[in-house]
Protein chains: 2
Amino acid sequence: MALTDDAIAKIRSMIQSGELPPGTRLPPEPQLAAQMGLSRSGVREAVKVLESARVLDVRRGDGTYVTSLAPRLLLEGLGVAVELLRDDTLLEVMEVRRLLEPMATGLAALRMTDADLDDIGQILEDMRAAADDAEKLIQFDTAFHHTVVATTGNETLTSLLDGLSGRTLRARVWRGLIEGNAAHKTIDEHQAIYLALRSRDQLLAQASALIHVNTSEAWLRTVLAKSASG
Amino acid sequence: MALTDDAIAKIRSMIQSGELPPGTRLPPEPQLAAQMGLSRSGVREAVKVLESARVLDVRRGDGTYVTSLAPRLLLEGLGVAVELLRDDTLLEVMEVRRLLEPMATGLAALRMTDADLDDIGQILEDMRAAADDAEKLIQFDTAFHHTVVATTGNETLTSLLDGLSGRTLRARVWRGLIEGNAAHKTIDEHQAIYLALRSRDQLLAQASALIHVNTSEAWLRTVLAKSASG
DNA sequence: CACTATAGAGACGTCGGACGTTTGGCGGCG
DNA sequence: CGCCGCCAAACGTCCGACGTCTCTATAGTG
């Protein structure tokens, strides 16, 4: 299990060392193969791995390029990983969100612009308007939290929290919320976060975010308990 | 760009749906190929991607198995991703640590056992003893923070913070620390964290962790400034 | 009967070549 | 000058072959 993995390591290290900066075009696969001492098949596996990690961008008929290496790309894999976690570790994910999301929201309160606030207010309205459509609720909920965190200007933070709130996890929470007739209450929690942000009140934003995550965690527990017993 | 990616998605979805629980053995590659309607080459690329994501475990001469899907495995990729981030985004990573690590340390103060404290105290002693060996300092520093966070019992949280403190990033910070004759001061900061944990004082632990991350961030800034200008 | 050494089957690792499909650019034509 | 079509280049996919490693069942041994 050496040749292909060596190739992966080699390419990765060339990128990390700056030898292959973002945007660089790699040599054609046959040449790359010769250069690294293995067959084209092996190179293709290596390239595929790096492509799936959003490190390389393969354009059919053209060539293979190094991506921008932006956090939003490289941290994309976190989302897929979280989607594969087993039920009994989802509460761990929620605990991380409980620690991180309030802090991030607090930071957002300090950095938010008026335009950002308008965006978030709009999403909140959309959410109220879609109170009967589970699918849309999840979509606006995702947009709400993403937009709030994005106002911190920290792309790494945003990508991490996006990944931690994978679609499946969110869907489960909302399933619980709706079946428990708690959707309205949860929308109010979003409103509370919005108001705190509007006042640029860091501590209040932090507190309201914590309360919100706590609610989500509680409903996740009920959903998990139900699916474990039933 | 469909066949291989479809295969990846298919396998992943079979795992996520529970059709292929942890430990399951996959059919041999030729059979898997027939079953998914593509050649063995394609299957191999798909398997390789999932292997690199620690979703599959390929044992030569034996077969391919689904891993335990433990957070420590699936989140391993985060570390590799962080290693590839460009210099100008490392400060974003530090900001995330600034938000998350104090909270995690505070939580650790609540959950730490006496045995855990002994372990951490030991690492602290090791660190003082190795004050002249940069390599060992980095190693004990890593162990210190890892052990502290691990006492929360949250494997997901631990893996995330481990990933955010990649080896390269740590090495750069320590390079700055040592060149700036601040190694001793930093060890004292670890001592402060240790004392706070020992008192089971959540807020104090939180505060001392924040101060520590702040110091690291400051030194990272100087290192980055130097390498950018020089 | 229990244990060990060994041979074989099964599975992944690697290679080489061939052909299809797509892309991008060059050159001719209007 | 601009548009269109052709062609070389590069990735996508497939096939078949052979090497190497594991596990296991089997035969042999004490």
# chains A, B, ... in the order shown; residues from 1 in each chain; ligands from 1
>>> select_by_dssp(residues="stretch 21-65 of chain B", states="helix (DSSP H, G or I)", output="ChimeraX atom specification")
/B:29-36,40-52
>>> write_last_selection(atoms="N, CA and C atoms", output="PDB file, in the first residue's frame")
ATOM      1  N   GLU B  29     -13.826  -6.544  -5.307  1.00  0.00           N
ATOM      2  CA  GLU B  29     -13.893  -5.455  -6.277  1.00  0.00           C
ATOM      3  C   GLU B  29     -14.563  -5.845  -7.594  1.00  0.00           C
ATOM      4  N   PRO B  30     -14.236  -7.001  -8.188  1.00  0.00           N
ATOM      5  CA  PRO B  30     -14.872  -7.340  -9.470  1.00  0.00           C
ATOM      6  C   PRO B  30     -16.394  -7.454  -9.314  1.00  0.00           C
ATOM      7  N   GLN B  31     -16.814  -8.062  -8.221  1.00  0.00           N
ATOM      8  CA  GLN B  31     -18.249  -8.228  -8.010  1.00  0.00           C
ATOM      9  C   GLN B  31     -18.921  -6.886  -7.770  1.00  0.00           C
ATOM     10  N   LEU B  32     -18.264  -6.058  -6.955  1.00  0.00           N
ATOM     11  CA  LEU B  32     -18.776  -4.718  -6.675  1.00  0.00           C
ATOM     12  C   LEU B  32     -18.911  -3.935  -7.977  1.00  0.00           C
ATOM     13  N   ALA B  33     -17.929  -4.134  -8.861  1.00  0.00           N
ATOM     14  CA  ALA B  33     -17.946  -3.439 -10.147  1.00  0.00           C
ATOM     15  C   ALA B  33     -19.180  -3.841 -10.946  1.00  0.00           C
ATOM     16  N   ALA B  34     -19.405  -5.133 -11.043  1.00  0.00           N
ATOM     17  CA  ALA B  34     -20.563  -5.617 -11.796  1.00  0.00           C
ATOM     18  C   ALA B  34     -21.844  -5.064 -11.182  1.00  0.00           C
ATOM     19  N   GLN B  35     -21.892  -5.122  -9.871  1.00  0.00           N
ATOM     20  CA  GLN B  35     -23.085  -4.708  -9.151  1.00  0.00           C
ATOM     21  C   GLN B  35     -23.412  -3.227  -9.363  1.00  0.00           C
ATOM     22  N   MET B  36     -22.371  -2.409  -9.562  1.00  0.00           N
ATOM     23  CA  MET B  36     -22.615  -0.984  -9.699  1.00  0.00           C
ATOM     24  C   MET B  36     -22.456  -0.515 -11.141  1.00  0.00           C
ATOM     25  N   ARG B  40     -13.639  -2.412 -12.861  1.00  0.00           N
ATOM     26  CA  ARG B  40     -12.925  -2.521 -11.594  1.00  0.00           C
ATOM     27  C   ARG B  40     -12.100  -1.269 -11.331  1.00  0.00           C
ATOM     28  N   SER B  41     -11.552  -0.686 -12.388  1.00  0.00           N
ATOM     29  CA  SER B  41     -10.767   0.530 -12.229  1.00  0.00           C
ATOM     30  C   SER B  41     -11.577   1.607 -11.510  1.00  0.00           C
ATOM     31  N   GLY B  42     -12.787   1.790 -11.987  1.00  0.00           N
ATOM     32  CA  GLY B  42     -13.641   2.805 -11.388  1.00  0.00           C
ATOM     33  C   GLY B  42     -13.915   2.513  -9.927  1.00  0.00           C
ATOM     34  N   VAL B  43     -14.197   1.246  -9.653  1.00  0.00           N
ATOM     35  CA  VAL B  43     -14.452   0.867  -8.267  1.00  0.00           C
ATOM     36  C   VAL B  43     -13.231   1.143  -7.400  1.00  0.00           C
ATOM     37  N   ARG B  44     -12.080   0.857  -7.940  1.00  0.00           N
ATOM     38  CA  ARG B  44     -10.868   1.072  -7.150  1.00  0.00           C
ATOM     39  C   ARG B  44     -10.687   2.546  -6.791  1.00  0.00           C
ATOM     40  N   GLU B  45     -10.980   3.417  -7.742  1.00  0.00           N
ATOM     41  CA  GLU B  45     -10.863   4.846  -7.438  1.00  0.00           C
ATOM     42  C   GLU B  45     -11.843   5.237  -6.338  1.00  0.00           C
ATOM     43  N   ALA B  46     -13.058   4.726  -6.465  1.00  0.00           N
ATOM     44  CA  ALA B  46     -14.072   5.054  -5.457  1.00  0.00           C
ATOM     45  C   ALA B  46     -13.645   4.549  -4.079  1.00  0.00           C
ATOM     46  N   VAL B  47     -13.188   3.321  -4.043  1.00  0.00           N
ATOM     47  CA  VAL B  47     -12.781   2.735  -2.772  1.00  0.00           C
ATOM     48  C   VAL B  47     -11.609   3.509  -2.172  1.00  0.00           C
ATOM     49  N   LYS B  48     -10.701   3.897  -3.057  1.00  0.00           N
ATOM     50  CA  LYS B  48      -9.526   4.635  -2.581  1.00  0.00           C
ATOM     51  C   LYS B  48      -9.932   5.960  -1.929  1.00  0.00           C
ATOM     52  N   VAL B  49     -10.886   6.623  -2.521  1.00  0.00           N
ATOM     53  CA  VAL B  49     -11.363   7.889  -1.951  1.00  0.00           C
ATOM     54  C   VAL B  49     -11.952   7.652  -0.561  1.00  0.00           C
ATOM     55  N   LEU B  50     -12.789   6.641  -0.463  1.00  0.00           N
ATOM     56  CA  LEU B  50     -13.426   6.378   0.828  1.00  0.00           C
ATOM     57  C   LEU B  50     -12.417   5.844   1.839  1.00  0.00           C
ATOM     58  N   GLU B  51     -11.378   5.189   1.336  1.00  0.00           N
ATOM     59  CA  GLU B  51     -10.342   4.726   2.252  1.00  0.00           C
ATOM     60  C   GLU B  51      -9.575   5.921   2.809  1.00  0.00           C
ATOM     61  N   SER B  52      -9.284   6.874   1.942  1.00  0.00           N
ATOM     62  CA  SER B  52      -8.531   8.038   2.397  1.00  0.00           C
ATOM     63  C   SER B  52      -9.363   8.887   3.343  1.00  0.00           C
TER      64      SER B  52
END
>>> interface_residues(of="chain C", to="chain B", cutoff="9 Å", atoms="only C-alpha atoms (C1' of nucleotides)", output="list of chain:residue names")
C:DG10, C:DA11, C:DC12, C:DG13
>>> write_last_selection(atoms="N, CA, C and O atoms (P, O5', C5', C4', C3', O3' and C1' of nucleotides)", output="PDB file, in the first residue's frame")
ATOM      1  P    DG C  10     -11.394 -19.669  -4.915  1.00  0.00           P
ATOM      2  O5'  DG C  10     -11.276 -18.262  -4.183  1.00  0.00           O
ATOM      3  C5'  DG C  10     -11.399 -18.210  -2.751  1.00  0.00           C
ATOM      4  C4'  DG C  10     -10.939 -16.860  -2.255  1.00  0.00           C
ATOM      5  C3'  DG C  10     -11.433 -15.670  -3.076  1.00  0.00           C
ATOM      6  O3'  DG C  10     -11.958 -14.700  -2.188  1.00  0.00           O
ATOM      7  C1'  DG C  10      -9.094 -15.555  -2.829  1.00  0.00           C
ATOM      8  P    DA C  11     -12.801 -13.499  -2.826  1.00  0.00           P
ATOM      9  O5'  DA C  11     -11.808 -12.266  -2.656  1.00  0.00           O
ATOM     10  C5'  DA C  11     -11.344 -11.946  -1.353  1.00  0.00           C
ATOM     11  C4'  DA C  11     -10.287 -10.867  -1.428  1.00  0.00           C
ATOM     12  C3'  DA C  11     -10.615  -9.752  -2.422  1.00  0.00           C
ATOM     13  O3'  DA C  11     -10.658  -8.500  -1.767  1.00  0.00           O
ATOM     14  C1'  DA C  11      -8.411 -10.585  -2.747  1.00  0.00           C
ATOM     15  P    DC C  12     -10.945  -7.166  -2.604  1.00  0.00           P
ATOM     16  O5'  DC C  12      -9.531  -6.426  -2.593  1.00  0.00           O
ATOM     17  C5'  DC C  12      -8.957  -6.089  -1.347  1.00  0.00           C
ATOM     18  C4'  DC C  12      -7.459  -5.861  -1.516  1.00  0.00           C
ATOM     19  C3'  DC C  12      -7.088  -4.581  -2.263  1.00  0.00           C
ATOM     20  O3'  DC C  12      -5.964  -3.979  -1.610  1.00  0.00           O
ATOM     21  C1'  DC C  12      -6.094  -6.408  -3.299  1.00  0.00           C
ATOM     22  P    DG C  13      -5.303  -2.650  -2.296  1.00  0.00           P
ATOM     23  O5'  DG C  13      -4.111  -3.264  -3.160  1.00  0.00           O
ATOM     24  C5'  DG C  13      -2.850  -3.488  -2.532  1.00  0.00           C
ATOM     25  C4'  DG C  13      -1.718  -3.348  -3.536  1.00  0.00           C
ATOM     26  C3'  DG C  13      -1.708  -2.022  -4.298  1.00  0.00           C
ATOM     27  O3'  DG C  13      -0.364  -1.565  -4.408  1.00  0.00           O
ATOM     28  C1'  DG C  13      -1.882  -3.819  -5.828  1.00  0.00           C
TER      29       DG C  13
END
>>> closest_atom_pairs(of="chain D", to="chain B", cutoff="7 Å", atoms="only C-alpha atoms (C1' of nucleotides)", output="Markdown table")
| residue | atom | partner | partner_atom | distance |
| --- | --- | --- | --- | --- |
| D:DC14 | C1' | B:Ser39 | CA | 6.1 |
| D:DC21 | C1' | B:Gly61 | CA | 4.9 |
| D:DT22 | C1' | B:Gly61 | CA | 4.7 |
>>> residues_around(residues="A:Ala109", least_positions_apart="4", cutoff="8 Å", atoms="only C-alpha atoms (C1' of nucleotides)", output="ChimeraX atom specification")
/A:105,196-202,205
>>> residues_around(residues="stretch 17-19 of chain D", least_positions_apart="4", cutoff="10 Å", atoms="only C-alpha atoms (C1' of nucleotides)", output="MDAnalysis selection string")
chainID C and resid 13:16
>>> write_last_selection(atoms="N, CA, C and O atoms (P, O5', C5', C4', C3', O3' and C1' of nucleotides)", output="tab-separated table (two decimals), in the first residue's frame")
chain	number	residue	atom	x	y	z
C	13	DG	P	-5.30	-2.65	-2.30
C	13	DG	O5'	-4.11	-3.26	-3.16
C	13	DG	C5'	-2.85	-3.49	-2.53
C	13	DG	C4'	-1.72	-3.35	-3.54
C	13	DG	C3'	-1.71	-2.02	-4.30
C	13	DG	O3'	-0.36	-1.57	-4.41
C	13	DG	C1'	-1.88	-3.82	-5.83
C	14	DT	P	-0.01	-0.22	-5.17
C	14	DT	O5'	0.29	-0.71	-6.63
C	14	DT	C5'	1.38	-1.60	-6.85
C	14	DT	C4'	1.49	-1.91	-8.31
C	14	DT	C3'	1.41	-0.68	-9.22
C	14	DT	O3'	2.69	-0.48	-9.80
C	14	DT	C1'	0.13	-2.52	-10.06
C	15	DC	P	2.95	0.65	-10.86
C	15	DC	O5'	2.70	-0.11	-12.22
C	15	DC	C5'	3.35	-1.36	-12.44
C	15	DC	C4'	2.85	-1.99	-13.72
C	15	DC	C3'	2.81	-1.03	-14.91
C	15	DC	O3'	3.79	-1.41	-15.86
C	15	DC	C1'	0.84	-2.37	-14.77
C	16	DG	P	4.34	-0.33	-16.91
C	16	DG	O5'	3.53	-0.65	-18.24
C	16	DG	C5'	3.53	-1.97	-18.76
C	16	DG	C4'	2.41	-2.09	-19.76
C	16	DG	C3'	2.28	-0.89	-20.69
C	16	DG	O3'	2.77	-1.25	-21.98
C	16	DG	C1'	0.14	-1.63	-19.86
>>> interface_residues(of="chain B", to="chain A", cutoff="6 Å", atoms="only C-alpha atoms", output="mmCIF file with N, CA and C atoms, in the first residue's frame")
data_model
loop_
_atom_site.group_PDB
_atom_site.id
_atom_site.type_symbol
_atom_site.label_atom_id
_atom_site.label_comp_id
_atom_site.auth_asym_id
_atom_site.auth_seq_id
_atom_site.Cartn_x
_atom_site.Cartn_y
_atom_site.Cartn_z
ATOM 1 N N GLN B 16 -24.426 5.107 5.109
ATOM 2 C CA GLN B 16 -25.209 6.037 5.905
ATOM 3 C C GLN B 16 -26.579 5.468 6.246
ATOM 4 N N GLU B 45 -10.980 3.417 -7.742
ATOM 5 C CA GLU B 45 -10.863 4.846 -7.438
ATOM 6 C C GLU B 45 -11.843 5.237 -6.338
ATOM 7 N N VAL B 49 -10.886 6.623 -2.521
ATOM 8 C CA VAL B 49 -11.363 7.889 -1.951
ATOM 9 C C VAL B 49 -11.952 7.652 -0.561
ATOM 10 N N LEU B 74 -13.142 9.754 11.209
ATOM 11 C CA LEU B 74 -13.736 10.573 10.154
ATOM 12 C C LEU B 74 -13.251 12.018 10.203
ATOM 13 N N ALA B 81 -6.484 18.872 5.977
ATOM 14 C CA ALA B 81 -7.009 20.068 5.334
ATOM 15 C C ALA B 81 -6.354 21.315 5.916
ATOM 16 N N LEU B 84 -3.000 22.236 4.703
ATOM 17 C CA LEU B 84 -2.899 22.775 3.348
ATOM 18 C C LEU B 84 -3.381 24.214 3.230
ATOM 19 N N GLU B 92 -7.390 32.827 10.714
ATOM 20 C CA GLU B 92 -8.792 32.427 10.887
ATOM 21 C C GLU B 92 -8.880 31.185 11.762
ATOM 22 N N VAL B 96 -10.767 30.635 15.437
ATOM 23 C CA VAL B 96 -11.668 29.561 15.827
ATOM 24 C C VAL B 96 -11.184 28.929 17.127
ATOM 25 N N LEU B 99 -12.073 30.920 20.048
ATOM 26 C CA LEU B 99 -13.466 30.804 20.467
ATOM 27 C C LEU B 99 -13.728 29.465 21.157
ATOM 28 N N LEU B 100 -13.139 28.417 20.576
ATOM 29 C CA LEU B 100 -13.518 27.070 21.002
ATOM 30 C C LEU B 100 -12.690 26.525 22.167
ATOM 31 N N MET B 103 -13.700 27.453 25.787
ATOM 32 C CA MET B 103 -14.934 26.781 26.191
ATOM 33 C C MET B 103 -14.669 25.313 26.504
ATOM 34 N N ASN B 154 -15.565 14.064 25.102
ATOM 35 C CA ASN B 154 -16.173 14.304 23.799
ATOM 36 C C ASN B 154 -15.133 14.102 22.697
ATOM 37 N N THR B 156 -15.514 13.903 19.495
ATOM 38 C CA THR B 156 -15.667 14.812 18.358
ATOM 39 C C THR B 156 -14.960 16.128 18.640
ATOM 40 N N LEU B 157 -15.203 16.672 19.796
ATOM 41 C CA LEU B 157 -14.547 17.927 20.189
ATOM 42 C C LEU B 157 -13.034 17.769 20.189
#
>>> atom_distance(atom1="atom CA of A:His146", atom2="atom CA of A:Asn214")
17.8 Å
>>> decode(residues="stretch 147-205 of chain A", atoms="C-alpha atoms", output="compact mmCIF listing (two decimals), in the first residue's frame")
# COMPACT_ATOMS: atom_id res chain seq x y z
CA THR A 147 -25.45 34.18 7.27
CA VAL A 148 -25.05 35.12 10.91
CA VAL A 149 -21.73 33.34 11.22
CA ALA A 150 -20.56 34.55 7.83
CA THR A 151 -20.78 38.14 9.07
CA THR A 152 -17.80 37.42 11.29
CA GLY A 153 -15.79 37.46 8.08
CA ASN A 154 -14.11 34.24 9.17
CA GLU A 155 -14.53 31.75 6.36
CA THR A 156 -12.92 28.95 8.34
CA LEU A 157 -15.33 29.42 11.21
CA THR A 158 -18.26 29.57 8.84
CA SER A 159 -17.28 26.40 7.02
CA LEU A 160 -16.72 24.54 10.27
CA LEU A 161 -20.12 25.43 11.66
CA ASP A 162 -21.76 24.67 8.33
CA GLY A 163 -20.18 21.26 8.40
CA LEU A 164 -21.21 20.61 11.96
CA SER A 165 -24.82 21.37 11.06
CA GLY A 166 -25.15 18.89 8.28
CA ARG A 167 -28.38 18.64 6.41
CA THR A 168 -29.36 15.29 7.89
CA LEU A 169 -28.77 16.48 11.42
CA ARG A 170 -30.82 19.62 10.83
CA ALA A 171 -33.61 17.65 9.24
CA ARG A 172 -33.83 15.38 12.25
CA VAL A 173 -34.03 18.27 14.66
CA TRP A 174 -36.76 19.94 12.66
CA ARG A 175 -38.68 16.70 12.42
CA GLY A 176 -38.74 16.65 16.18
CA LEU A 177 -39.60 20.34 16.39
CA ILE A 178 -42.55 20.03 14.06
CA GLU A 179 -43.94 16.84 15.53
CA GLY A 180 -43.62 18.42 18.96
CA ASN A 181 -45.38 21.61 17.81
CA ALA A 182 -42.31 23.58 18.76
CA ALA A 183 -41.61 25.12 15.37
CA HIS A 184 -43.14 28.42 16.35
CA LYS A 185 -41.18 28.61 19.57
CA THR A 186 -38.00 27.92 17.67
CA ILE A 187 -38.70 30.67 15.18
CA ASP A 188 -39.07 32.98 18.14
CA GLU A 189 -35.64 31.93 19.27
CA HIS A 190 -34.27 33.02 15.92
CA GLN A 191 -36.05 36.32 16.44
CA ALA A 192 -34.34 36.70 19.81
CA ILE A 193 -30.95 36.14 18.21
CA TYR A 194 -31.82 38.66 15.53
CA LEU A 195 -32.81 41.28 18.08
CA ALA A 196 -29.63 40.74 20.05
CA LEU A 197 -27.56 41.14 16.90
CA ARG A 198 -29.51 44.24 16.00
CA SER A 199 -28.54 45.78 19.33
CA ARG A 200 -24.94 44.75 18.76
CA ASP A 201 -25.17 43.13 22.17
CA GLN A 202 -22.47 40.47 22.26
CA LEU A 203 -23.47 38.81 25.52
CA LEU A 204 -27.14 38.78 24.67
CA ALA A 205 -26.39 37.32 21.26
